[in-house]
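File shown here: query.txt, holding compact mmCIF, C-alpha atoms and all ligand atoms.
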```txt
# COMPACT_ATOMS: atom_id res chain seq x y z
CA MET Q 1 109.11 87.81 111.33
CA THR Q 2 110.33 90.28 108.67
CA THR Q 3 107.99 92.79 107.11
CA SER Q 4 108.03 91.14 103.68
CA THR Q 5 106.67 87.85 105.01
CA THR Q 6 103.71 89.64 106.56
CA ILE Q 7 102.75 91.24 103.25
CA ASP Q 8 99.76 89.65 101.57
CA ALA Q 9 101.27 88.45 98.29
CA ALA Q 10 97.88 87.75 96.73
CA ARG Q 11 96.79 91.31 97.40
CA VAL Q 12 99.99 92.69 95.87
CA GLU Q 13 99.29 90.70 92.71
CA LEU Q 14 95.71 91.96 92.59
CA MET Q 15 96.90 95.53 92.89
CA LEU Q 16 99.53 95.06 90.19
CA THR Q 17 96.84 93.63 87.90
CA GLU Q 18 94.54 96.53 88.67
CA LEU Q 19 97.37 99.00 87.98
CA ARG Q 20 98.20 97.18 84.71
CA LEU Q 21 101.77 96.39 85.64
CA PRO Q 22 102.17 92.82 84.32
CA GLY Q 23 105.95 93.21 83.97
CA ILE Q 24 106.33 93.91 87.68
CA LYS Q 25 103.74 91.29 88.56
CA ALA Q 26 105.80 88.61 86.84
CA VAL Q 27 109.03 89.34 88.71
CA TRP Q 28 108.34 91.18 91.97
CA ALA Q 29 108.38 88.12 94.22
CA ARG Q 30 111.73 86.92 92.88
CA ILE Q 31 113.29 90.37 92.99
CA ALA Q 32 111.92 91.03 96.49
CA GLU Q 33 113.58 87.83 97.67
CA GLN Q 34 116.89 88.79 96.09
CA SER Q 35 116.60 92.29 97.51
CA ASP Q 36 115.98 90.92 101.03
CA LYS Q 37 118.85 88.47 100.74
CA GLU Q 38 121.31 91.07 99.48
CA GLY Q 39 120.05 93.91 101.65
CA TRP Q 40 119.29 96.33 98.80
CA PRO Q 41 118.30 99.90 99.64
CA ALA Q 42 114.57 100.33 98.98
CA ALA Q 43 115.24 102.72 96.06
CA ARG Q 44 117.27 100.07 94.26
CA PHE Q 45 114.44 97.57 94.62
CA LEU Q 46 111.94 100.03 93.21
CA ALA Q 47 114.27 100.93 90.31
CA ALA Q 48 114.72 97.25 89.43
CA LEU Q 49 110.95 96.75 89.27
CA ALA Q 50 110.41 99.87 87.15
CA GLU Q 51 113.15 98.77 84.79
CA HIS Q 52 111.44 95.39 84.31
CA GLU Q 53 108.13 97.02 83.49
CA MET Q 54 109.77 99.31 80.93
CA VAL Q 55 111.60 96.49 79.14
CA ASP Q 56 108.51 94.29 79.20
CA ARG Q 57 106.33 97.07 77.76
CA GLY Q 58 108.80 97.68 74.94
CA ARG Q 59 108.79 93.99 74.10
CA ARG Q 60 105.01 93.77 74.14
CA ARG Q 61 104.68 96.86 71.97
CA ILE Q 62 106.91 95.35 69.31
CA GLU Q 63 104.98 92.08 69.51
CA ARG Q 64 101.75 94.00 68.88
CA HIS Q 65 103.32 95.88 65.98
CA LEU Q 66 104.57 92.62 64.51
CA ALA Q 67 101.10 91.09 64.66
CA GLU Q 68 99.43 94.09 63.02
CA ALA Q 69 102.13 94.26 60.29
CA ARG Q 70 100.90 90.98 58.72
CA LEU Q 71 104.29 90.29 57.21
CA PRO Q 72 104.75 87.06 55.27
CA ALA Q 73 106.57 84.62 57.54
CA GLY Q 74 110.25 83.85 57.38
CA LYS Q 75 111.42 86.67 55.10
CA THR Q 76 114.35 88.39 56.79
CA LEU Q 77 117.33 90.47 55.72
CA ALA Q 78 119.55 87.76 57.19
CA THR Q 79 118.16 85.18 54.77
CA PHE Q 80 118.20 87.54 51.79
CA ASP Q 81 121.09 86.78 49.46
CA PHE Q 82 122.34 90.16 48.28
CA GLN Q 83 124.91 88.59 46.01
CA SER Q 84 122.22 87.35 43.69
CA VAL Q 85 120.96 90.93 43.24
CA PRO Q 86 124.21 92.76 42.51
CA MET Q 87 122.46 95.97 41.43
CA VAL Q 88 120.96 96.42 44.91
CA SER Q 89 123.41 97.80 47.46
CA LYS Q 90 123.29 95.97 50.77
CA ALA Q 91 124.58 99.08 52.54
CA GLN Q 92 121.72 101.13 51.12
CA VAL Q 93 119.14 98.53 52.20
CA MET Q 94 120.66 98.38 55.68
CA ALA Q 95 120.43 102.17 55.91
CA LEU Q 96 116.75 102.00 54.88
CA ALA Q 97 116.16 99.40 57.61
CA SER Q 98 116.85 101.96 60.33
CA GLY Q 99 113.98 104.04 58.95
CA ASP Q 100 115.16 107.33 60.40
CA VAL Q 101 115.91 109.30 57.27
CA TRP Q 102 113.01 108.37 55.02
CA LEU Q 103 110.09 107.42 57.30
CA LYS Q 104 110.34 110.67 59.26
CA LYS Q 105 109.70 112.72 56.14
CA GLY Q 106 107.25 110.35 54.46
CA ALA Q 107 109.55 109.39 51.60
CA ASN Q 108 108.92 106.24 49.53
CA VAL Q 109 110.72 103.17 48.28
CA LEU Q 110 109.86 101.65 44.91
CA LEU Q 111 111.06 98.15 44.07
CA PHE Q 112 110.96 97.06 40.44
CA GLY Q 113 111.78 93.72 38.93
CA PRO Q 114 110.43 90.62 37.20
CA PRO Q 115 108.52 87.93 39.15
CA GLY Q 116 110.63 85.79 41.46
CA GLY Q 117 113.41 88.34 41.76
CA GLY Q 118 112.96 88.85 45.49
CA LYS Q 119 110.78 91.99 45.68
CA SER Q 120 108.30 90.57 48.19
CA HIS Q 121 111.07 88.99 50.23
CA LEU Q 122 113.12 92.18 50.41
CA SER Q 123 110.12 94.39 51.21
CA ALA Q 124 108.88 92.04 53.95
CA ALA Q 125 112.39 91.80 55.38
CA LEU Q 126 112.68 95.59 55.42
CA GLY Q 127 109.28 95.78 57.09
CA LEU Q 128 110.37 93.33 59.79
CA ALA Q 129 113.59 95.23 60.47
CA LEU Q 130 111.64 98.49 60.72
CA VAL Q 131 109.16 97.02 63.22
CA GLU Q 132 112.08 95.74 65.29
CA ASN Q 133 113.46 99.28 65.19
CA GLY Q 134 110.22 100.63 66.65
CA TRP Q 135 108.30 101.72 63.52
CA ARG Q 136 104.75 100.70 62.66
CA VAL Q 137 104.35 98.90 59.36
CA MET Q 138 101.59 97.16 57.45
CA PHE Q 139 102.20 94.75 54.58
CA ALA Q 140 99.40 94.16 52.06
CA ARG Q 141 98.89 92.76 48.62
CA THR Q 142 97.86 95.88 46.77
CA SER Q 143 94.71 94.36 45.27
CA ASP Q 144 93.54 93.23 48.74
CA LEU Q 145 94.02 96.68 50.21
CA VAL Q 146 92.31 98.31 47.23
CA GLN Q 147 89.37 95.97 47.75
CA ARG Q 148 89.16 97.05 51.39
CA LEU Q 149 89.24 100.69 50.37
CA GLN Q 150 86.56 100.12 47.72
CA ILE Q 151 84.27 98.66 50.38
CA ALA Q 152 85.02 101.66 52.59
CA ARG Q 153 84.15 104.04 49.72
CA ARG Q 154 80.82 102.26 49.21
CA GLU Q 155 80.12 102.74 52.91
CA LEU Q 156 81.12 106.42 52.66
CA ALA Q 157 84.04 105.73 54.98
CA LEU Q 158 86.98 106.04 52.58
CA GLU Q 159 88.44 109.16 54.14
CA SER Q 160 88.33 107.81 57.69
CA THR Q 161 89.73 104.44 56.57
CA ILE Q 162 92.67 106.15 54.86
CA ARG Q 163 93.16 108.32 57.93
CA LYS Q 164 93.30 105.21 60.13
CA LEU Q 165 96.16 103.92 57.97
CA ASP Q 166 98.12 106.99 59.10
CA ARG Q 167 99.02 105.06 62.22
CA TYR Q 168 101.45 103.10 60.06
CA ASP Q 169 104.73 104.85 59.36
CA LEU Q 170 105.03 102.56 56.36
CA LEU Q 171 102.48 100.81 54.16
CA ILE Q 172 103.95 98.11 51.96
CA LEU Q 173 101.89 97.72 48.80
CA ASP Q 174 103.07 94.50 47.22
CA ASP Q 175 102.43 93.92 43.50
CA ILE Q 176 100.79 97.20 42.53
CA ALA Q 177 100.41 96.00 38.93
CA TYR Q 178 97.93 93.33 40.05
CA VAL Q 179 95.28 95.98 40.57
CA THR Q 180 92.45 95.16 38.17
CA LYS Q 181 90.76 97.54 35.77
CA ASP Q 182 87.56 97.82 37.83
CA GLN Q 183 89.66 98.48 40.95
CA ALA Q 184 91.49 101.24 39.07
CA GLU Q 185 88.27 102.97 38.11
CA THR Q 186 87.24 103.63 41.69
CA SER Q 187 90.57 105.50 42.10
CA VAL Q 188 90.82 104.63 45.80
CA LEU Q 189 94.50 103.82 45.33
CA PHE Q 190 95.12 107.30 44.00
CA GLU Q 191 93.34 108.79 47.02
CA LEU Q 192 95.58 106.74 49.32
CA ILE Q 193 98.75 107.88 47.52
CA ALA Q 194 97.65 111.51 47.51
CA ALA Q 195 96.70 111.39 51.21
CA ARG Q 196 100.06 109.99 52.28
CA TYR Q 197 102.15 112.25 50.03
CA GLU Q 198 105.00 113.89 52.00
CA ARG Q 199 103.52 112.68 55.29
CA ARG Q 200 103.58 108.88 55.49
CA SER Q 201 105.75 106.46 53.55
CA LEU Q 202 104.83 103.82 51.00
CA LEU Q 203 106.94 100.92 49.82
CA ILE Q 204 105.62 99.69 46.49
CA THR Q 205 106.71 96.65 44.54
CA ALA Q 206 105.98 96.29 40.84
CA ASN Q 207 106.93 93.88 38.12
CA GLN Q 208 105.99 96.48 35.49
CA PRO Q 209 107.88 99.69 34.74
CA PHE Q 210 106.01 103.04 35.00
CA GLY Q 211 105.23 102.91 31.29
CA GLU Q 212 102.87 99.97 31.94
CA TRP Q 213 101.05 101.52 34.90
CA GLY Q 214 98.16 102.72 32.75
CA LYS Q 215 95.72 100.10 34.00
CA ILE Q 216 96.39 100.73 37.68
CA PHE Q 217 94.64 104.12 37.66
CA ALA Q 218 91.47 105.47 36.11
CA ASP Q 219 93.07 107.52 33.34
CA GLN Q 220 96.36 108.82 31.98
CA ALA Q 221 96.27 112.08 33.96
CA MET Q 222 95.72 110.23 37.22
CA THR Q 223 98.49 107.74 36.42
CA LEU Q 224 100.93 110.60 35.85
CA ALA Q 225 99.79 112.43 38.99
CA ALA Q 226 100.23 109.26 41.07
CA ILE Q 227 103.70 108.52 39.68
CA ASP Q 228 104.70 112.14 40.20
CA ARG Q 229 103.82 111.99 43.90
CA LEU Q 230 105.42 108.58 44.41
CA VAL Q 231 108.77 109.45 42.87
CA HIS Q 232 109.08 112.98 44.27
CA HIS Q 233 110.87 111.70 47.39
CA ALA Q 234 111.75 108.12 46.57
CA THR Q 235 114.48 105.55 46.55
CA ILE Q 236 114.07 103.37 43.49
CA LEU Q 237 115.61 99.90 43.53
CA GLU Q 238 115.73 97.91 40.33
CA MET Q 239 115.98 94.16 40.82
CA ASN Q 240 116.49 93.04 37.28
CA VAL Q 241 117.48 89.48 37.98
CA GLU Q 242 116.14 86.19 36.81
CA SER Q 243 113.73 84.40 39.13
CA TYR Q 244 115.54 83.24 42.26
CA ARG Q 245 113.41 80.10 42.41
CA ARG Q 246 114.18 79.30 38.78
CA ARG Q 247 117.89 79.83 39.26
CA GLU Q 248 117.88 77.70 42.39
CA ALA Q 249 116.03 74.93 40.55
CA LEU Q 250 118.51 75.11 37.67
CA GLU Q 251 121.51 74.96 39.98
CA THR Q 252 120.03 71.97 41.81
CA LYS Q 253 119.54 70.24 38.49
CA ARG Q 254 123.20 70.84 37.63
CA GLY Q 255 124.06 69.18 40.91
CA ARG Q 256 125.46 72.17 42.72
CA GLY Q 257 122.63 72.41 45.25
CA ARG Q 258 122.82 76.19 45.57
CA PRO Q 259 123.29 79.06 43.14
CA ALA Q 260 126.91 79.32 42.05
CA THR Q 261 127.54 82.46 44.11
CA HIS Q 262 126.75 80.59 47.34
CA ALA Q 263 128.65 77.44 46.50
CA THR Q 264 131.93 79.05 45.53
CA ILE Q 265 131.84 81.67 48.27
CA LYS Q 266 131.17 79.11 50.98
CA LYS Q 267 134.08 76.96 49.88
CA THR Q 268 136.73 79.61 49.37
CA GLU Q 269 135.76 82.28 51.86
CA LYS Q 270 138.07 82.68 54.82
CA PRO Q 271 136.50 82.63 58.30
CA ASP Q 272 135.34 86.07 59.46
CA ALA Q 273 138.29 88.26 60.36
CA ASP Q 274 136.72 89.68 63.53
P1 LIG V 1 108.98 88.60 43.75
O1 LIG V 1 108.18 89.20 44.83
O2 LIG V 1 109.95 89.55 43.13
O3 LIG V 1 108.15 87.90 42.72
P2 LIG V 1 109.83 86.82 45.87
O4 LIG V 1 110.33 87.77 46.87
O5 LIG V 1 108.48 86.24 46.11
O6 LIG V 1 109.90 87.47 44.40
O7 LIG V 1 110.90 85.65 45.70
C1 LIG V 1 110.56 84.33 45.26
C2 LIG V 1 111.17 83.32 46.23
O8 LIG V 1 112.59 83.35 46.15
C3 LIG V 1 110.82 83.59 47.68
O9 LIG V 1 110.69 82.37 48.35
C4 LIG V 1 112.02 84.36 48.20
O10 LIG V 1 112.19 84.16 49.58
C5 LIG V 1 113.16 83.76 47.38
N1 LIG V 1 114.17 84.76 47.05
C6 LIG V 1 114.16 85.64 46.04
N2 LIG V 1 115.27 86.38 45.99
C7 LIG V 1 116.03 85.97 47.03
C8 LIG V 1 117.31 86.34 47.53
N3 LIG V 1 118.06 87.30 46.93
N4 LIG V 1 117.78 85.69 48.62
C9 LIG V 1 117.05 84.72 49.22
N5 LIG V 1 115.84 84.31 48.79
C10 LIG V 1 115.32 84.92 47.71
MG MG V 2 106.11 89.24 44.99
```
Could I get this structure in the form of structure tokens?
Amino acid sequence: MTTSTTIDAARVELMLTELRLPGIKAVWARIAEQSDKEGWPAARFLAALAEHEMVDRGRRRIERHLAEARLPAGKTLATFDFQSVPMVSKAQVMALASGDVWLKKGANVLLFGPPGGGKSHLSAALGLALVENGWRVMFARTSDLVQRLQIARRELALESTIRKLDRYDLLILDDIAYVTKDQAETSVLFELIAARYERRSLLITANQPFGEWGKIFADQAMTLAAIDRLVHHATILEMNVESYRRREALETKRGRGRPATHATIKKTEKPDAD
């Protein structure tokens, strides 16, 4: 009888559970069998198990970060049609998706454009890419987050609530202009912006230019102070295109099925060179 057959497998599993090594627990029996069959040195067996645990932990961490990010489903960079937003550079967006340059120094991204132009899609897609690249992100409709912060202020917990949001390298505040007048007056949004300034990044989408931001904050001075902090280190993307939905609907009506850019490109484009 070999040593491995005399080992109490159930006890091994109990110990692995106790030690919180679910990655090893899932594969040890299979790898032990392979190791026995192929006569691995003991060190190689141990290394293979450790490797599994590492990979599994990385995967689980990203799964957790994806769940906490609350991103709208199905919005990815792969499904974002950059050709319909010619003023936005795909290369620039791809560079933002790595996160390294801007998230490390707490810089911001501001996305402007009329409704339906793809602001929410692009910001969610960026958020997803950043989570996949190991960053922590949270996506929120601005008015929902402001409501949460207002409740925190009432409970004298605003500061600690804002501090807890520090765990996110990036907060995506979608539709900042939907903040209502009574939300503006509590100025919790300003406190959030001031607290994150030069430390933690914000990605803000707005369908109103700065000139119309008066109702988002309590008064003119606060509006200017907020804008000043947001733009100090910021990439500003203007998405001045007509509603994607509307264009798609129009193209369908004309019988082309897809916006003209898709249809012609798909027909004439040569297969990928590489
Ligand atoms: P906004 O937030 O600017 O109002 P959305 O991001 O909600 O616009 O876009 C409206 C709809 O059109 C969404 O379903 C979105 O996925 C889609 N959409 C917008 N722009 C694009 C694009 N360039 N490529 C693919 N889908 C797009
Ligand atoms: Mg939107």
Please identify all protein, DNA and RNA residues within 10 Å of ligand LIG 1 (chain V), counting all atoms listed in the file, and report them as a CSV table (one decimal) with C-alpha atoms, keeping the file's coordinate frame.
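As a result, out.csv now contains:
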```csv
chain,number,residue,atom,x,y,z
Q,72,PRO,CA,104.8,87.1,55.3
Q,73,ALA,CA,106.6,84.6,57.5
Q,74,GLY,CA,110.2,83.8,57.4
Q,75,LYS,CA,111.4,86.7,55.1
Q,76,THR,CA,114.4,88.4,56.8
Q,77,LEU,CA,117.3,90.5,55.7
Q,78,ALA,CA,119.6,87.8,57.2
Q,79,THR,CA,118.2,85.2,54.8
Q,80,PHE,CA,118.2,87.5,51.8
Q,81,ASP,CA,121.1,86.8,49.5
Q,82,PHE,CA,122.3,90.2,48.3
Q,83,GLN,CA,124.9,88.6,46.0
Q,84,SER,CA,122.2,87.4,43.7
Q,85,VAL,CA,121.0,90.9,43.2
Q,86,PRO,CA,124.2,92.8,42.5
Q,88,VAL,CA,121.0,96.4,44.9
Q,111,LEU,CA,111.1,98.2,44.1
Q,112,PHE,CA,111.0,97.1,40.4
Q,113,GLY,CA,111.8,93.7,38.9
Q,114,PRO,CA,110.4,90.6,37.2
Q,115,PRO,CA,108.5,87.9,39.2
Q,116,GLY,CA,110.6,85.8,41.5
Q,117,GLY,CA,113.4,88.3,41.8
Q,118,GLY,CA,113.0,88.8,45.5
Q,119,LYS,CA,110.8,92.0,45.7
Q,120,SER,CA,108.3,90.6,48.2
Q,121,HIS,CA,111.1,89.0,50.2
Q,122,LEU,CA,113.1,92.2,50.4
Q,123,SER,CA,110.1,94.4,51.2
Q,124,ALA,CA,108.9,92.0,54.0
Q,125,ALA,CA,112.4,91.8,55.4
Q,174,ASP,CA,103.1,94.5,47.2
Q,175,ASP,CA,102.4,93.9,43.5
Q,205,THR,CA,106.7,96.6,44.5
Q,206,ALA,CA,106.0,96.3,40.8
Q,207,ASN,CA,106.9,93.9,38.1
Q,239,MET,CA,116.0,94.2,40.8
Q,240,ASN,CA,116.5,93.0,37.3
Q,241,VAL,CA,117.5,89.5,38.0
Q,242,GLU,CA,116.1,86.2,36.8
Q,243,SER,CA,113.7,84.4,39.1
Q,244,TYR,CA,115.5,83.2,42.3
Q,245,ARG,CA,113.4,80.1,42.4
Q,246,ARG,CA,114.2,79.3,38.8
Q,247,ARG,CA,117.9,79.8,39.3
Q,248,GLU,CA,117.9,77.7,42.4
```
**Message:** I need the residue nearest ligand MG 2 (chain V) from this list: Q:Trp40, Q:Arg167, Q:Thr142, Q:Leu66. Use only C-alpha atoms and all ligand atoms for the distance.
**Reply:**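 Looking only at the distances to ligand MG 2 (chain V), the closest residue turns out to be Q:Thr142.
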**Prompt:** Could you name the residues that touch Ala9 (chain Q) at 10 Å or less, counting only C-alpha atoms, but leaving out those on the same chain fewer than 5 positions away, as a PyMOL selection string?
**Reply:** chain Q and resi 4+14-15+28-29
**Message:** I'd like the interatomic distance between CA of Gln150 (chain Q) and CA of Glu185 (chain Q), to a tenth of an Å.
**Reply:**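 That distance, rounded to one decimal, is 10.2 Å.
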**Message:** Please report the interatomic distance between CA of Glu132 (chain Q) and CA of Thr235 (chain Q) in Å with one decimal.
**Reply:**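 Here the two named atoms are 21.3 Å from each other.
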**Message:** When you count only C-alpha atoms, which of these residues is closest to Lys105 (chain Q): Q:Gly214, Q:Ile227, Q:Tyr197, Q:Ser143?
**Reply:**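 Counting only C-alpha atoms, the residue closest to Lys105 (chain Q) is Q:Tyr197.
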**Prompt:** Distance CA of Glu13 (chain Q)-CA of Ala42 (chain Q), one decimal place?
**Reply:**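 Going from CA of Glu13 (chain Q) over to CA of Ala42 (chain Q), I get 19.1 Å.
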**Asked** Of the candidates Q:Met54, Q:Leu16, Q:Ile204, Q:Leu189, which one gets nearest to Glu238 (chain Q) if we count only C-alpha atoms?
**Response**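 The shortest atom-to-atom distance to Glu238 (chain Q) comes from Q:Ile204.
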**Request:** Would you mind telling me which residue in Q:Tyr178, Q:Trp213, Q:Trp102, Q:Phe45 lies nearest to ligand MG 2 (chain V) when using only C-alpha atoms and all ligand atoms?
**Result:**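 Ranking Q:Tyr178, Q:Trp213, Q:Trp102, Q:Phe45 by distance to ligand MG 2 (chain V), first place goes to Q:Tyr178.
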**Asked** For ligand MG 2 (chain V), which residue among Q:Arg196, Q:Arg141, Q:Arg136, Q:Lys181 is the nearest when counting only C-alpha atoms and all ligand atoms?
**Response**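 Distance minimum relative to ligand MG 2 (chain V) lands on Q:Arg141.
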Might you pull out every residue within 12 Å of Arg199 (chain Q), with all atoms listed in the file counted and same-chain residues fewer than 6 positions away left off, and present them as a PDB file with C-alpha atoms, in the coordinates of the input?
```pdb
ATOM      1  CA  TRP Q 102     113.010 108.370  55.020  1.00  0.00           C
ATOM      2  CA  LEU Q 103     110.090 107.420  57.300  1.00  0.00           C
ATOM      3  CA  LYS Q 104     110.340 110.670  59.260  1.00  0.00           C
ATOM      4  CA  LYS Q 105     109.700 112.720  56.140  1.00  0.00           C
ATOM      5  CA  GLY Q 106     107.250 110.350  54.460  1.00  0.00           C
ATOM      6  CA  ALA Q 107     109.550 109.390  51.600  1.00  0.00           C
ATOM      7  CA  ASN Q 108     108.920 106.240  49.530  1.00  0.00           C
ATOM      8  CA  ARG Q 163      93.160 108.320  57.930  1.00  0.00           C
ATOM      9  CA  LEU Q 165      96.160 103.920  57.970  1.00  0.00           C
ATOM     10  CA  ASP Q 166      98.120 106.990  59.100  1.00  0.00           C
ATOM     11  CA  ARG Q 167      99.020 105.060  62.220  1.00  0.00           C
ATOM     12  CA  TYR Q 168     101.450 103.100  60.060  1.00  0.00           C
ATOM     13  CA  ASP Q 169     104.730 104.850  59.360  1.00  0.00           C
ATOM     14  CA  LEU Q 170     105.030 102.560  56.360  1.00  0.00           C
ATOM     15  CA  LEU Q 171     102.480 100.810  54.160  1.00  0.00           C
ATOM     16  CA  LEU Q 192      95.580 106.740  49.320  1.00  0.00           C
ATOM     17  CA  ILE Q 193      98.750 107.880  47.520  1.00  0.00           C
ATOM     18  CA  ARG Q 229     103.820 111.990  43.900  1.00  0.00           C
ATOM     19  CA  LEU Q 230     105.420 108.580  44.410  1.00  0.00           C
ATOM     20  CA  HIS Q 233     110.870 111.700  47.390  1.00  0.00           C
TER      21      HIS Q 233
END
```
Give the padded box for region 183-194 of chain Q as JSON: axis-aligned, covering all atoms listed in the file, 5 Å on each side, centre and edge lengths in Å to one decimal.
```
{"center_x": 93.0, "center_y": 105.0, "center_z": 43.7, "size_x": 21.5, "size_y": 23.0, "size_z": 21.2}
```
**Request:** Check the smallest atom-to-atom distance from each of Q:Leu71, Q:Ile176, Q:Ala97, Q:Met222 to Val137 (chain Q) using all atoms listed in the file, then report the winner.
**Result:**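 That would be Q:Leu71, the residue with the smallest distance to Val137 (chain Q).
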With a distance cut-off of 12 Å and all atoms listed in the file, select the neighbouring residues of Ile62 (chain Q), excluding the residue or stretch itself and same-chain residues fewer than 5 positions from it, and output the selection as a PDB file with C-alpha atoms, in the coordinates of the input.
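Generated file (around-v8.pdb):
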```pdb
ATOM      1  CA  VAL Q  55     111.600  96.490  79.140  1.00  0.00           C
ATOM      2  CA  ASP Q  56     108.510  94.290  79.200  1.00  0.00           C
ATOM      3  CA  ARG Q  57     106.330  97.070  77.760  1.00  0.00           C
ATOM      4  CA  ALA Q  67     101.100  91.090  64.660  1.00  0.00           C
ATOM      5  CA  GLU Q  68      99.430  94.090  63.020  1.00  0.00           C
ATOM      6  CA  ALA Q  69     102.130  94.260  60.290  1.00  0.00           C
ATOM      7  CA  LEU Q 128     110.370  93.330  59.790  1.00  0.00           C
ATOM      8  CA  ALA Q 129     113.590  95.230  60.470  1.00  0.00           C
ATOM      9  CA  LEU Q 130     111.640  98.490  60.720  1.00  0.00           C
ATOM     10  CA  VAL Q 131     109.160  97.020  63.220  1.00  0.00           C
ATOM     11  CA  GLU Q 132     112.080  95.740  65.290  1.00  0.00           C
ATOM     12  CA  ASN Q 133     113.460  99.280  65.190  1.00  0.00           C
ATOM     13  CA  GLY Q 134     110.220 100.630  66.650  1.00  0.00           C
ATOM     14  CA  TRP Q 135     108.300 101.720  63.520  1.00  0.00           C
ATOM     15  CA  ARG Q 136     104.750 100.700  62.660  1.00  0.00           C
ATOM     16  CA  VAL Q 137     104.350  98.900  59.360  1.00  0.00           C
TER      17      VAL Q 137
END
```
